[in-house]
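One structure below.
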Amino acid sequence: MAELVPFAVPIESDKTLLVWQLSSGPTAEALHHSLFTAFSQFGLLYSVRVFPNAAVAHPGFYAVIKFYSARAARRAQKACDRKQLFQKSPVKVRLGTRHKAVQHQALALNSSRCQELANYYFGFNGWSKRIIKVHCSPWKQYGQEEEEYLSDFSLEEEEFRLPELD
């Protein structure tokens with residue numbers, strides 16, 4: 001079954017992984033790199049954020065990883081939970097949980113994130129952000145009034161470029 005991946009900041013809990021029991025040996029930056037490498041093999045990542053454990057917990061780190069795709073997040077959780085990914089001890093990986101009553105407004109992605117997402121799913125040369133001129137040829141069916149014309153659209157390869165928004 002196909003999954004709809006919107007061009008929006010992923011906020012759903014089924015696209016968010018919580019990874020904990022990360023060792024305290026490496027730096028947060030090194031853990032970020034290792035997590036990105038390990039989890040990006042399952043799908044395109046929106047973000048990887050590494051945090052130190054609370055002072056009352058054991059020394060170490062935990063991470064929050066956001067995918068664009070819920071399917072990719074599920075596959076990553078199943079494949080990585082209780083595995084020694086890049087450290088000597090296994091990590092724990094769980095899908096995020098959020099109360100259903102919490103409603104958030106979807107935020108649009110910036111243009112570079114949109115390009116990244118399009119390149120991942122459509123391929124580098126599989127899409128275009130150019131505007132193609134639309135040629136409209138009206139035609140009239142028998143018995144229609146003048147304002148009820150239907151249009152037959154055809155695309156022409158006349159290119160117009162938009163200025164970059166960033």
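By convention here, the chains of the structure tokens are called A, B, ... in the order presented, each chain's residues are numbered starting at 1, and ligands are numbered starting at 1 in the order presented.
Neighbouring residues of stretch 8-11 of chain A at 6 Å or closer, counting only C-alpha atoms and skipping chain neighbours under 4 positions away, are Tyr68, Leu107, Ala108 and Leu109 of chain A.
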Okay, now the selection with N, CA and C atoms, as a PDB file, in the first residue's frame?
ATOM      1  N   TYR A  68      10.306  11.455   7.608  1.00  0.00           N
ATOM      2  CA  TYR A  68       9.194  11.970   6.810  1.00  0.00           C
ATOM      3  C   TYR A  68       8.112  10.902   6.663  1.00  0.00           C
ATOM      4  N   LEU A 107       3.184  22.534   9.558  1.00  0.00           N
ATOM      5  CA  LEU A 107       4.035  23.606   9.070  1.00  0.00           C
ATOM      6  C   LEU A 107       4.630  23.211   7.731  1.00  0.00           C
ATOM      7  N   ALA A 108       4.653  24.139   6.796  1.00  0.00           N
ATOM      8  CA  ALA A 108       5.219  23.864   5.479  1.00  0.00           C
ATOM      9  C   ALA A 108       6.738  23.753   5.580  1.00  0.00           C
ATOM     10  N   LEU A 109       7.309  22.938   4.726  1.00  0.00           N
ATOM     11  CA  LEU A 109       8.760  22.811   4.654  1.00  0.00           C
ATOM     12  C   LEU A 109       9.346  24.003   3.917  1.00  0.00           C
TER      13      LEU A 109
END
Within 8 Å of stretch 34-51 of chain A, which residues of stretch 74-100 of chain A show up? Give each one with its shortest atom-to-atom distance in Å (one decimal) and the two atoms involved, counting only C-alpha atoms, rows by chain then rising residue number, as CSV.
residue,atom,partner,partner_atom,distance
A:Arg75,CA,A:Phe42,CA,6.8
A:Ala76,CA,A:Phe42,CA,5.8
A:Leu85,CA,A:Ala38,CA,7.1
A:Phe86,CA,A:Ser34,CA,6.8
Keeping only N, CA and C atoms, write those residues as a PDB file, in the first residue's frame.
ATOM      1  N   ARG A  75       9.875   0.557  10.280  1.00  0.00           N
ATOM      2  CA  ARG A  75      10.922  -0.383   9.874  1.00  0.00           C
ATOM      3  C   ARG A  75      12.190  -0.166  10.692  1.00  0.00           C
ATOM      4  N   ALA A  76      12.558   1.085  10.909  1.00  0.00           N
ATOM      5  CA  ALA A  76      13.758   1.386  11.689  1.00  0.00           C
ATOM      6  C   ALA A  76      13.602   0.932  13.134  1.00  0.00           C
ATOM      7  N   LEU A  85      24.032  -1.076  17.554  1.00  0.00           N
ATOM      8  CA  LEU A  85      24.175  -0.404  16.267  1.00  0.00           C
ATOM      9  C   LEU A  85      25.596   0.078  16.024  1.00  0.00           C
ATOM     10  N   PHE A  86      26.113   0.850  16.923  1.00  0.00           N
ATOM     11  CA  PHE A  86      27.441   1.443  16.763  1.00  0.00           C
ATOM     12  C   PHE A  86      28.166   1.521  18.102  1.00  0.00           C
TER      13      PHE A  86
END
Can you tell me how far atom CA of A:Phe124 sits from atom CA of A:Ser111, in Å to one decimal? 15.1 Å
Close residues, A:Arg71 itself excluded, 12 Å, only C-alpha atoms, min 5 positions apart in chain, as an mmCIF file with C-alpha atoms, in the first residue's frame:
data_model
loop_
_atom_site.group_PDB
_atom_site.id
_atom_site.type_symbol
_atom_site.label_atom_id
_atom_site.label_comp_id
_atom_site.auth_asym_id
_atom_site.auth_seq_id
_atom_site.Cartn_x
_atom_site.Cartn_y
_atom_site.Cartn_z
ATOM 1 C CA MET A 1 0.000 0.000 0.000
ATOM 2 C CA ALA A 2 1.284 3.463 -0.878
ATOM 3 C CA GLU A 3 2.001 6.029 1.790
ATOM 4 C CA LEU A 4 1.267 9.721 1.384
ATOM 5 C CA VAL A 5 4.290 11.787 2.400
ATOM 6 C CA ASP A 14 4.275 7.554 14.240
ATOM 7 C CA LYS A 15 7.132 9.329 12.416
ATOM 8 C CA THR A 16 9.151 9.957 15.586
ATOM 9 C CA LEU A 17 11.550 7.542 17.260
ATOM 10 C CA PHE A 42 15.573 3.150 6.448
ATOM 11 C CA GLY A 43 14.336 6.389 4.897
ATOM 12 C CA LEU A 44 14.831 10.115 4.620
ATOM 13 C CA LYS A 66 12.057 12.240 12.967
ATOM 14 C CA ALA A 76 13.758 1.386 11.689
ATOM 15 C CA GLN A 77 12.202 0.729 15.099
ATOM 16 C CA LYS A 78 11.759 -2.978 14.414
ATOM 17 C CA LEU A 95 7.936 4.886 18.277
#
